[in-house]
>>> print(open('upload.csv').read())   # CSV, C-alpha atoms and all ligand atoms
chain,number,residue,atom,x,y,z
A,79,MET,CA,-9.9,4.6,21.2
A,80,TYR,CA,-8.5,3.5,17.8
A,81,VAL,CA,-5.0,2.4,17.2
A,82,VAL,CA,-3.4,3.2,13.8
A,83,THR,CA,-0.2,1.5,12.7
A,84,GLY,CA,1.9,3.1,10.0
A,85,ALA,CA,0.2,6.4,11.1
A,86,THR,CA,2.7,8.7,9.3
A,87,GLY,CA,2.4,6.7,6.1
A,88,ASN,CA,0.4,6.9,2.9
A,89,THR,CA,-2.8,5.2,4.2
A,90,GLY,CA,-2.3,5.5,7.9
A,91,HIS,CA,-2.1,9.3,8.0
A,92,ILE,CA,-5.5,9.5,6.2
A,93,VAL,CA,-7.0,6.9,8.5
A,94,ALA,CA,-5.8,8.8,11.6
A,95,LYS,CA,-6.9,12.2,10.3
A,96,ARG,CA,-10.4,11.0,9.4
A,97,LEU,CA,-10.9,9.3,12.7
A,98,LEU,CA,-9.7,12.4,14.5
A,99,THR,CA,-12.0,14.7,12.5
A,100,SER,CA,-14.9,12.4,13.3
A,101,GLY,CA,-14.2,13.1,17.0
A,102,GLN,CA,-12.5,9.8,17.8
A,103,LYS,CA,-9.5,9.2,20.0
A,104,VAL,CA,-6.6,7.9,18.1
A,105,ARG,CA,-3.3,6.3,19.3
A,106,ALA,CA,-0.9,6.7,16.4
A,107,ILE,CA,2.1,4.3,16.1
A,108,GLY,CA,5.3,5.3,14.5
A,109,ARG,CA,9.0,4.7,15.1
A,110,THR,CA,9.8,8.3,16.1
A,111,ALA,CA,8.0,10.9,18.1
A,112,ASP,CA,9.2,13.6,15.6
A,113,ARG,CA,7.3,12.2,12.7
A,114,LEU,CA,4.1,11.7,14.7
A,115,GLN,CA,4.1,15.4,15.7
A,116,SER,CA,1.7,16.6,13.1
A,117,LEU,CA,-0.9,14.0,14.2
A,118,VAL,CA,-0.3,14.9,17.8
A,119,ALA,CA,-1.0,18.5,16.9
A,120,GLN,CA,-4.4,17.3,15.6
A,121,GLY,CA,-5.2,15.5,18.8
A,122,ALA,CA,-3.6,12.0,18.4
A,123,GLU,CA,-1.8,10.2,21.2
A,124,PRO,CA,1.7,9.3,20.0
A,125,PHE,CA,3.0,5.8,20.6
A,126,VAL,CA,6.6,5.1,19.6
A,127,ALA,CA,7.2,1.4,18.8
A,128,ASP,CA,8.6,-0.9,16.2
A,129,LEU,CA,5.9,-3.1,14.7
A,130,SER,CA,8.0,-6.2,15.3
A,131,ASP,CA,7.9,-5.6,19.1
A,132,LYS,CA,5.1,-7.8,20.5
A,133,GLN,CA,5.2,-6.4,24.0
A,134,ALA,CA,5.1,-2.8,22.8
A,135,LEU,CA,2.2,-3.6,20.5
A,136,THR,CA,0.3,-5.4,23.2
A,137,LYS,CA,0.6,-2.3,25.3
A,138,ALA,CA,-0.4,-0.1,22.3
A,139,PHE,CA,-3.5,-2.2,21.4
A,140,THR,CA,-4.8,-2.6,25.0
A,141,GLY,CA,-8.1,-0.8,25.3
A,142,ALA,CA,-8.5,-0.3,21.6
A,143,ARG,CA,-12.0,-0.4,20.0
A,144,ALA,CA,-10.3,-1.3,16.7
A,145,VAL,CA,-6.9,-1.5,15.1
A,146,TYR,CA,-5.7,-0.5,11.6
A,147,ALA,CA,-2.9,-2.9,10.9
A,148,ILE,CA,-0.3,-2.7,8.1
A,149,ILE,CA,3.1,-4.3,7.3
A,150,PRO,CA,5.2,-1.3,6.2
A,151,PRO,CA,7.6,-1.8,3.3
A,152,ASN,CA,11.3,-2.3,4.0
A,153,LEU,CA,13.1,-2.0,0.7
A,154,THR,CA,16.6,-2.6,2.1
A,155,THR,CA,16.3,-5.8,4.1
A,156,GLU,CA,18.0,-8.9,2.8
A,157,ASP,CA,15.1,-11.1,3.8
A,158,PHE,CA,11.9,-9.2,3.3
A,159,ARG,CA,9.6,-12.2,3.8
A,160,ALA,CA,11.2,-12.9,7.2
A,161,TYR,CA,10.7,-9.2,8.1
A,162,GLN,CA,7.0,-9.4,7.1
A,163,ASP,CA,6.5,-12.6,9.1
A,164,ARG,CA,8.1,-11.0,12.2
A,165,ILE,CA,5.6,-8.1,12.0
A,166,ALA,CA,2.6,-10.3,11.2
A,167,ASP,CA,3.6,-12.5,14.3
A,168,ALA,CA,3.8,-9.4,16.5
A,169,ILE,CA,0.5,-7.9,15.3
A,170,ALA,CA,-1.3,-11.2,15.7
A,171,ALA,CA,0.1,-11.9,19.1
A,172,ALA,CA,-0.7,-8.4,20.3
A,173,LEU,CA,-4.3,-8.4,18.9
A,174,ALA,CA,-4.9,-11.7,20.8
A,175,ALA,CA,-3.2,-10.7,24.0
A,176,ALA,CA,-5.0,-7.4,24.1
A,177,LYS,CA,-8.3,-9.1,23.2
A,178,VAL,CA,-9.0,-6.6,20.5
A,179,GLN,CA,-12.4,-7.3,18.9
A,180,TYR,CA,-12.0,-5.4,15.5
A,181,ALA,CA,-9.2,-5.0,13.1
A,182,VAL,CA,-8.9,-3.7,9.5
A,183,THR,CA,-5.8,-4.8,7.7
A,184,LEU,CA,-4.1,-3.4,4.5
A,185,SER,CA,-3.8,-6.4,2.2
A,186,SER,CA,-3.5,-6.6,-1.6
A,187,ILE,CA,-5.0,-8.1,-4.7
A,188,GLY,CA,-3.3,-11.5,-5.0
A,189,ALA,CA,-3.5,-12.2,-1.3
A,190,ASP,CA,-5.8,-15.1,-2.2
A,191,LYS,CA,-2.7,-16.9,-3.5
A,192,PRO,CA,-0.3,-18.6,-1.1
A,193,ASP,CA,2.9,-18.2,-3.2
A,194,LYS,CA,4.6,-16.7,-6.3
A,195,THR,CA,3.3,-13.2,-5.8
A,196,GLY,CA,6.5,-11.7,-4.2
A,197,PRO,CA,5.8,-9.4,-1.3
A,198,VAL,CA,2.1,-10.2,-1.4
A,199,VAL,CA,2.8,-13.7,0.0
A,200,GLY,CA,3.5,-11.9,3.3
A,201,LEU,CA,0.0,-10.3,3.2
A,202,HIS,CA,-1.6,-13.6,2.4
A,203,ASN,CA,0.1,-15.0,5.5
A,204,LEU,CA,-1.0,-11.9,7.6
A,205,GLU,CA,-4.6,-12.6,6.6
A,206,GLN,CA,-4.3,-16.3,7.4
A,207,GLN,CA,-2.7,-15.6,10.8
A,208,LEU,CA,-5.3,-13.0,11.9
A,209,ASN,CA,-8.1,-15.3,10.6
A,210,GLN,CA,-7.0,-17.8,13.3
A,211,ILE,CA,-7.6,-15.4,16.2
A,212,ALA,CA,-10.8,-16.4,18.0
A,213,GLY,CA,-13.0,-13.5,18.9
A,214,LEU,CA,-11.4,-11.1,16.4
A,215,ASN,CA,-13.6,-9.6,13.7
A,216,VAL,CA,-11.2,-8.7,10.9
A,217,LEU,CA,-11.6,-7.1,7.5
A,218,HIS,CA,-8.8,-7.4,5.0
A,219,LEU,CA,-8.7,-4.6,2.5
A,220,ARG,CA,-7.3,-6.2,-0.7
A,221,ALA,CA,-6.1,-3.0,-2.5
A,222,GLY,CA,-5.1,-2.8,-6.1
A,223,TYR,CA,-1.8,-1.3,-7.5
A,224,PHE,CA,-1.0,2.0,-5.8
A,225,MET,CA,-0.9,5.0,-8.1
A,226,GLU,CA,2.0,6.1,-5.9
A,227,ASN,CA,4.1,3.3,-7.4
A,228,THR,CA,4.2,5.3,-10.6
A,229,LEU,CA,6.0,8.2,-8.8
A,230,ALA,CA,9.2,6.3,-9.5
A,231,GLN,CA,8.6,7.1,-13.2
A,232,ALA,CA,9.5,10.7,-12.5
A,233,GLY,CA,13.2,9.8,-12.2
A,234,ILE,CA,13.1,7.3,-15.1
A,235,ILE,CA,11.7,10.1,-17.4
A,236,GLN,CA,14.5,12.4,-16.2
A,237,ALA,CA,17.1,9.7,-16.9
A,238,MET,CA,15.8,8.0,-20.0
A,239,GLY,CA,13.0,10.2,-21.5
A,240,ILE,CA,10.6,7.3,-21.3
A,241,THR,CA,8.5,5.5,-18.7
A,242,ALA,CA,9.6,1.9,-18.1
A,243,GLY,CA,9.3,-1.1,-15.9
A,244,PRO,CA,8.8,-4.9,-15.7
A,245,LEU,CA,5.0,-4.8,-16.4
A,246,ARG,CA,3.4,-5.5,-19.8
A,247,PRO,CA,2.6,-2.2,-21.5
A,248,ASP,CA,-1.0,-3.3,-22.2
A,249,LEU,CA,-1.8,-4.9,-18.8
A,250,LYS,CA,-4.8,-3.3,-17.3
A,251,LEU,CA,-4.3,-2.7,-13.6
A,252,PRO,CA,-6.7,-1.6,-10.9
A,253,MET,CA,-4.7,1.5,-10.0
A,254,ILE,CA,-5.8,3.1,-6.8
A,255,ALA,CA,-4.7,6.2,-4.9
A,256,THR,CA,-3.7,5.5,-1.3
A,257,ARG,CA,-5.9,8.4,-0.1
A,258,ASP,CA,-8.9,6.3,-1.3
A,259,ILE,CA,-7.7,3.3,0.7
A,260,GLY,CA,-7.3,5.4,3.8
A,261,ALA,CA,-10.8,6.8,3.4
A,262,VAL,CA,-12.4,3.3,3.1
A,263,ALA,CA,-10.4,2.0,6.0
A,264,ALA,CA,-11.5,4.9,8.2
A,265,GLU,CA,-15.1,4.4,7.1
A,266,GLU,CA,-15.0,0.7,8.0
A,267,LEU,CA,-13.4,1.5,11.3
A,268,LEU,CA,-16.1,4.0,12.2
A,269,LYS,CA,-18.9,1.6,11.2
A,270,LEU,CA,-17.4,-1.6,12.5
A,271,ASP,CA,-20.2,-3.6,10.9
A,272,PHE,CA,-18.1,-6.5,9.6
A,273,GLN,CA,-18.1,-9.8,11.4
A,274,GLN,CA,-15.8,-12.8,11.7
A,275,LYS,CA,-13.2,-12.9,8.9
A,276,GLN,CA,-13.9,-10.9,5.7
A,277,THR,CA,-12.1,-9.4,2.7
A,278,ARG,CA,-13.0,-6.3,0.7
A,279,GLU,CA,-11.4,-5.7,-2.7
A,280,LEU,CA,-10.4,-2.1,-3.5
A,281,GLN,CA,-9.9,-1.2,-7.1
A,282,GLY,CA,-9.3,2.2,-8.6
A,283,GLN,CA,-11.5,4.7,-10.5
A,284,ARG,CA,-10.9,2.6,-13.6
A,285,ASP,CA,-8.3,0.0,-14.8
A,286,LEU,CA,-5.3,1.5,-16.6
A,287,SER,CA,-2.3,0.1,-18.4
A,288,MET,CA,1.2,1.6,-18.1
A,289,THR,CA,0.8,2.8,-21.7
A,290,GLU,CA,-2.3,4.7,-20.8
A,291,ALA,CA,-0.6,6.0,-17.6
A,292,ALA,CA,2.3,7.3,-19.7
A,293,ALA,CA,-0.1,9.2,-21.9
A,294,ILE,CA,-1.8,10.9,-18.9
A,295,ILE,CA,1.6,11.8,-17.5
A,296,ALA,CA,2.7,13.2,-20.9
A,297,LYS,CA,-0.4,15.4,-21.1
A,298,ALA,CA,0.3,16.8,-17.7
A,299,ILE,CA,4.0,17.5,-17.9
A,300,GLY,CA,3.9,18.5,-21.6
A,301,GLY,CA,5.9,17.2,-24.5
A,302,LYS,CA,8.4,20.0,-24.2
A,303,ALA,CA,9.5,18.8,-20.7
A,304,ILE,CA,10.9,15.6,-22.3
A,305,GLY,CA,11.8,17.1,-25.7
A,306,LYS,CA,9.5,14.6,-27.5
A,307,PRO,CA,5.9,14.8,-28.5
A,308,ASP,CA,5.0,11.4,-27.0
A,309,LEU,CA,6.0,9.7,-23.8
A,310,VAL,CA,6.2,5.9,-24.3
A,311,TYR,CA,6.2,3.1,-21.8
A,312,GLU,CA,8.8,0.3,-22.4
A,313,GLN,CA,8.7,-3.1,-20.7
A,314,LEU,CA,12.2,-3.9,-19.7
A,315,PRO,CA,13.6,-7.4,-19.1
A,316,ASP,CA,14.3,-8.6,-15.5
A,317,GLU,CA,18.1,-8.5,-16.3
A,318,GLN,CA,17.8,-4.7,-16.8
A,319,VAL,CA,15.2,-3.9,-14.0
A,320,ARG,CA,17.1,-5.9,-11.3
A,321,PRO,CA,20.4,-3.8,-11.3
A,322,ALA,CA,18.3,-0.6,-11.8
A,323,LEU,CA,16.4,-1.4,-8.6
A,324,THR,CA,19.5,-2.3,-6.6
A,325,GLN,CA,21.4,0.8,-7.8
A,326,LEU,CA,18.5,2.8,-6.3
A,327,GLY,CA,19.3,1.2,-2.9
A,328,MET,CA,16.9,-1.7,-2.9
A,329,SER,CA,18.2,-5.1,-1.6
A,330,LEU,CA,18.6,-7.9,-4.2
A,331,ASN,CA,16.1,-9.9,-2.2
A,332,MET,CA,13.4,-7.2,-2.5
A,333,ALA,CA,14.2,-6.5,-6.2
A,334,ASN,CA,13.7,-10.3,-6.9
A,335,LEU,CA,10.4,-10.2,-5.0
A,336,ILE,CA,9.2,-7.2,-7.0
A,337,LEU,CA,10.1,-9.0,-10.2
A,338,GLU,CA,8.2,-12.1,-9.0
A,339,MET,CA,5.1,-10.0,-8.4
A,340,ALA,CA,5.4,-8.3,-11.8
A,341,ALA,CA,5.5,-11.7,-13.4
A,342,ALA,CA,2.4,-12.8,-11.5
A,343,LEU,CA,0.6,-9.6,-12.6
A,344,ASN,CA,1.8,-10.0,-16.2
A,345,SER,CA,0.6,-13.7,-16.4
A,346,GLY,CA,-2.8,-12.9,-14.8
A,347,TYR,CA,-2.0,-15.2,-11.8
A,348,MET,CA,-2.2,-12.2,-9.5
A,349,THR,CA,-5.4,-10.2,-10.4
A,350,ALA,CA,-8.5,-8.6,-9.0
A,351,LEU,CA,-11.1,-11.3,-8.4
A,352,GLU,CA,-14.3,-9.1,-8.7
A,353,PRO,CA,-15.7,-7.3,-11.7
A,354,CYS,CA,-15.8,-3.5,-11.2
A,355,SER,CA,-18.8,-2.4,-9.1
A,356,ALA,CA,-19.9,0.7,-7.2
A,357,ARG,CA,-18.6,-1.0,-4.0
A,358,ASN,CA,-15.1,-1.8,-5.2
A,359,THR,CA,-14.3,1.2,-7.3
A,360,ASN,CA,-12.9,4.4,-5.8
A,361,PRO,CA,-13.1,8.1,-6.7
A,362,THR,CA,-9.6,9.4,-7.4
A,363,TYR,CA,-8.9,9.7,-11.2
A,364,TYR,CA,-5.3,9.0,-12.2
A,365,GLU,CA,-5.4,12.4,-13.9
A,366,VAL,CA,-6.0,14.1,-10.6
A,367,PHE,CA,-3.3,12.1,-8.9
A,368,VAL,CA,-0.9,13.1,-11.6
A,369,ALA,CA,-1.8,16.8,-11.4
A,370,GLU,CA,-1.6,16.8,-7.6
A,371,GLU,CA,1.3,14.5,-6.8
A,372,PHE,CA,3.2,13.3,-9.9
A,373,VAL,CA,3.7,16.7,-11.5
A,374,PRO,CA,5.1,18.3,-8.3
A,375,ALA,CA,7.4,15.3,-7.7
A,376,TYR,CA,8.6,15.5,-11.4
A,377,GLN,CA,9.2,19.2,-11.2
A,378,GLY,CA,11.0,18.8,-7.9
A,379,LYS,CA,13.4,16.3,-9.5
A,380,ALA,CA,13.9,18.5,-12.5
A,381,ARG,CA,14.9,21.4,-10.2
A,382,ALA,CA,17.3,19.2,-8.2
A,383,ALA,CA,18.9,17.9,-11.5
B,401,LIG,N1,2.4,-0.6,-3.5
B,401,LIG,C1,1.3,-1.2,-3.8
B,401,LIG,O1,0.9,-1.2,-5.0
B,401,LIG,C2,0.5,-2.0,-2.8
B,401,LIG,C3,-0.7,-2.6,-3.2
B,401,LIG,C4,-1.5,-3.2,-2.2
B,401,LIG,C5,-1.0,-3.3,-0.9
B,401,LIG,N2,0.2,-2.7,-0.6
B,401,LIG,C6,0.7,-2.8,0.8
B,401,LIG,O2,0.5,-1.6,1.5
B,401,LIG,C7,1.4,-1.6,2.6
B,401,LIG,C8,2.0,-0.2,2.7
B,401,LIG,O3,1.0,0.7,3.2
B,401,LIG,P1,1.4,2.3,3.2
B,401,LIG,O4,1.8,2.7,1.8
B,401,LIG,O5,0.2,3.0,3.9
B,401,LIG,O6,2.7,2.3,4.1
B,401,LIG,P2,3.9,3.3,4.1
B,401,LIG,O7,3.4,4.7,3.9
B,401,LIG,O8,4.9,2.8,3.1
B,401,LIG,O9,4.5,3.1,5.5
B,401,LIG,C9,3.8,3.4,6.7
B,401,LIG,C10,4.6,3.8,7.8
B,401,LIG,O10,5.1,2.7,8.6
B,401,LIG,C11,6.1,3.2,9.4
B,401,LIG,N3,7.1,2.1,9.7
B,401,LIG,C12,8.0,1.6,8.8
B,401,LIG,N4,8.6,0.6,9.3
B,401,LIG,C13,8.2,0.4,10.6
B,401,LIG,C14,8.4,-0.5,11.7
B,401,LIG,N5,9.4,-1.4,11.6
B,401,LIG,N6,7.7,-0.3,12.8
B,401,LIG,C15,6.8,0.7,12.9
B,401,LIG,N7,6.5,1.5,12.0
B,401,LIG,C16,7.2,1.4,10.8
B,401,LIG,C17,6.7,4.4,8.8
B,401,LIG,O11,6.5,5.5,9.6
B,401,LIG,P3,7.7,6.1,10.6
B,401,LIG,O12,8.9,6.3,9.7
B,401,LIG,O13,7.1,7.3,11.2
B,401,LIG,O14,7.9,5.0,11.6
B,401,LIG,C18,5.8,4.6,7.5
B,401,LIG,O15,5.4,6.0,7.4
B,401,LIG,C19,2.4,-2.7,2.4
B,401,LIG,O16,2.0,-3.8,3.3
B,401,LIG,C20,2.2,-3.1,1.0
B,401,LIG,O17,2.5,-4.4,0.7
B,401,LIG,C21,1.0,-2.1,-1.5
>>> encode(input="upload.csv", output="structure tokens")
Amino acid sequence: MYVVTGATGNTGHIVAKRLLTSGQKVRAIGRTADRLQSLVAQGAEPFVADLSDKQALTKAFTGARAVYAIIPPNLTTEDFRAYQDRIADAIAAALAAAKVQYAVTLSSIGADKPDKTGPVVGLHNLEQQLNQIAGLNVLHLRAGYFMENTLAQAGIIQAMGITAGPLRPDLKLPMIATRDIGAVAAEELLKLDFQQKQTRELQGQRDLSMTEAAAIIAKAIGGKAIGKPDLVYEQLPDEQVRPALTQLGMSLNMANLILEMAAALNSGYMTALEPCSARNTNPTYYEVFVAEEFVPAYQGKARAA
């Protein structure tokens, strides 16, 4: 039996579905039975728990062949790092108490650094904490920048007619679709051929800058949609991004961590460590992501406006 945390989420639902279609038993963790229902319909056992609840997680992990472990985002908490530490503590304690032998975690590029990477510091600490557990074989998937992050640009295009954010326009990022991360995690969970404590870097199909991403989006939504032939990307100063994020409902603490991460990416402090290779690149083209996910999200916003 496999345990999947964040089972209704971006990567978790792919992991759970792949394991189920491979004929494996899956215990799917989420905070409500309702949201787990579609996985239950596909054969998963639902397990309702908060990931900060050590006792519940110990129960959930008991008997598991392997666990897929993530720390979900929480954009509204006033102390995101403390929230991450509570979840990492609970996951680590439960893996040890349940004597689980294999775990795959969702980590990030930049998790090699102990500080100054915003939310990624919590993933560095998760890696370190799980690496202390004797008898646990753990593989940390250090994923690149999610293509899904660019979905936020749909609203910015509607509001400002441009794409914008704190990242440098020319900064090449390893942009990866979360479906590809889920697929690799499932494959690793099925094989279970990693030993001791390991990391695996996951980059995208190719590195892309925000300027290149804007050009791909423009091609897909068409110049007419924005009333301009070109869709530009503009780097905005922190003083402009911070209030924009908090107005969208993000806590000030989280907004500041996002800006710290953007600065770490812009300076090159937070970066992929490996050159591109067949093992670390992944299949989904940004063009395909835009056609299948960005365009529907953009059109949905346009209809709602
Ligand atoms: N964004 C990036 O570029 C990037 C890059 C590398 C790594 N990462 C990391 O990727 C991770 C996010 O992965 P993801 O996108 O697969 O996750 P996700 O889709 O954002 O969330 C996964 C699920 O977790 C559940 N959840 C939320 N809070 C919970 C709690 N307190 N207890 C139990 N379940 C909870 C939610 O399901 P329910 O509502 O059903 O409970 C949610 O669907 C983060 O650690 C992030 O730092 C992100």
>>> residues_around(input="upload.csv", residues="segment 100-112 of chain A", least_positions_apart="3", cutoff="6 Å", atoms="only C-alpha atoms", output="MDAnalysis selection string")
chainID A and resid 79:83 85 97 115 122:128
>>> closest_residue(input="upload.csv", among="A:Leu245, A:Ala292, A:Ile336, A:Ile187", to="ligand LIG 401 (chain B)", atoms="only C-alpha atoms and all ligand atoms")
A:Ile187
>>> atom_distance(input="upload.csv", atom1="atom C8 of ligand LIG 401 (chain B)", atom2="atom CA of Val182 of chain A")
13.3 Å
>>> closest_residue(input="upload.csv", among="A:Glu205, A:Glu226, A:Glu365, A:Glu317", to="ligand LIG 401 (chain B)", atoms="only C-alpha atoms and all ligand atoms")
A:Glu226
>>> closest_atom_pairs(input="upload.csv", of="chain A", to="ligand LIG 401 (chain B)", cutoff="7 Å", atoms="all atoms listed in the file", output="tab-separated table")
residue	atom	partner	partner_atom	distance
A:Thr83	CA	B:LIG401	N7	6.7
A:Gly84	CA	B:LIG401	O10	3.5
A:Ala85	CA	B:LIG401	C10	6.1
A:Thr86	CA	B:LIG401	O15	4.3
A:Gly87	CA	B:LIG401	O7	3.1
A:Asn88	CA	B:LIG401	O7	3.9
A:Thr89	CA	B:LIG401	O5	3.7
A:Gly90	CA	B:LIG401	O5	5.3
A:Ile107	CA	B:LIG401	N7	6.6
A:Gly108	CA	B:LIG401	O14	3.9
A:Arg109	CA	B:LIG401	O14	3.7
A:Thr110	CA	B:LIG401	O13	5.7
A:Arg113	CA	B:LIG401	O13	5.1
A:Leu114	CA	B:LIG401	O13	6.4
A:Ala127	CA	B:LIG401	C15	6.0
A:Asp128	CA	B:LIG401	N6	3.6
A:Leu129	CA	B:LIG401	N6	3.8
A:Ser130	CA	B:LIG401	N5	6.2
A:Ile148	CA	B:LIG401	O16	5.4
A:Ile149	CA	B:LIG401	O16	4.2
A:Pro150	CA	B:LIG401	O9	4.5
A:Pro151	CA	B:LIG401	O8	5.3
A:Asn152	CA	B:LIG401	N4	6.6
A:Leu184	CA	B:LIG401	O2	5.8
A:Ser185	CA	B:LIG401	C5	5.2
A:Ser186	CA	B:LIG401	C4	4.0
A:Ile187	CA	B:LIG401	C4	6.5
A:Pro197	CA	B:LIG401	O17	6.3
A:Val198	CA	B:LIG401	O17	6.2
A:Leu201	CA	B:LIG401	O16	6.8
A:Arg220	CA	B:LIG401	C4	6.7
A:Ala221	CA	B:LIG401	C4	4.6
A:Gly222	CA	B:LIG401	C3	5.3
A:Tyr223	CA	B:LIG401	O1	3.7
A:Phe224	CA	B:LIG401	O1	3.8
A:Asn227	CA	B:LIG401	N1	5.8
A:Thr256	CA	B:LIG401	O4	6.9
>>> atom_distance(input="upload.csv", atom1="atom CA of Lys250 of chain A", atom2="atom CA of Thr362 of chain A")
16.8 Å
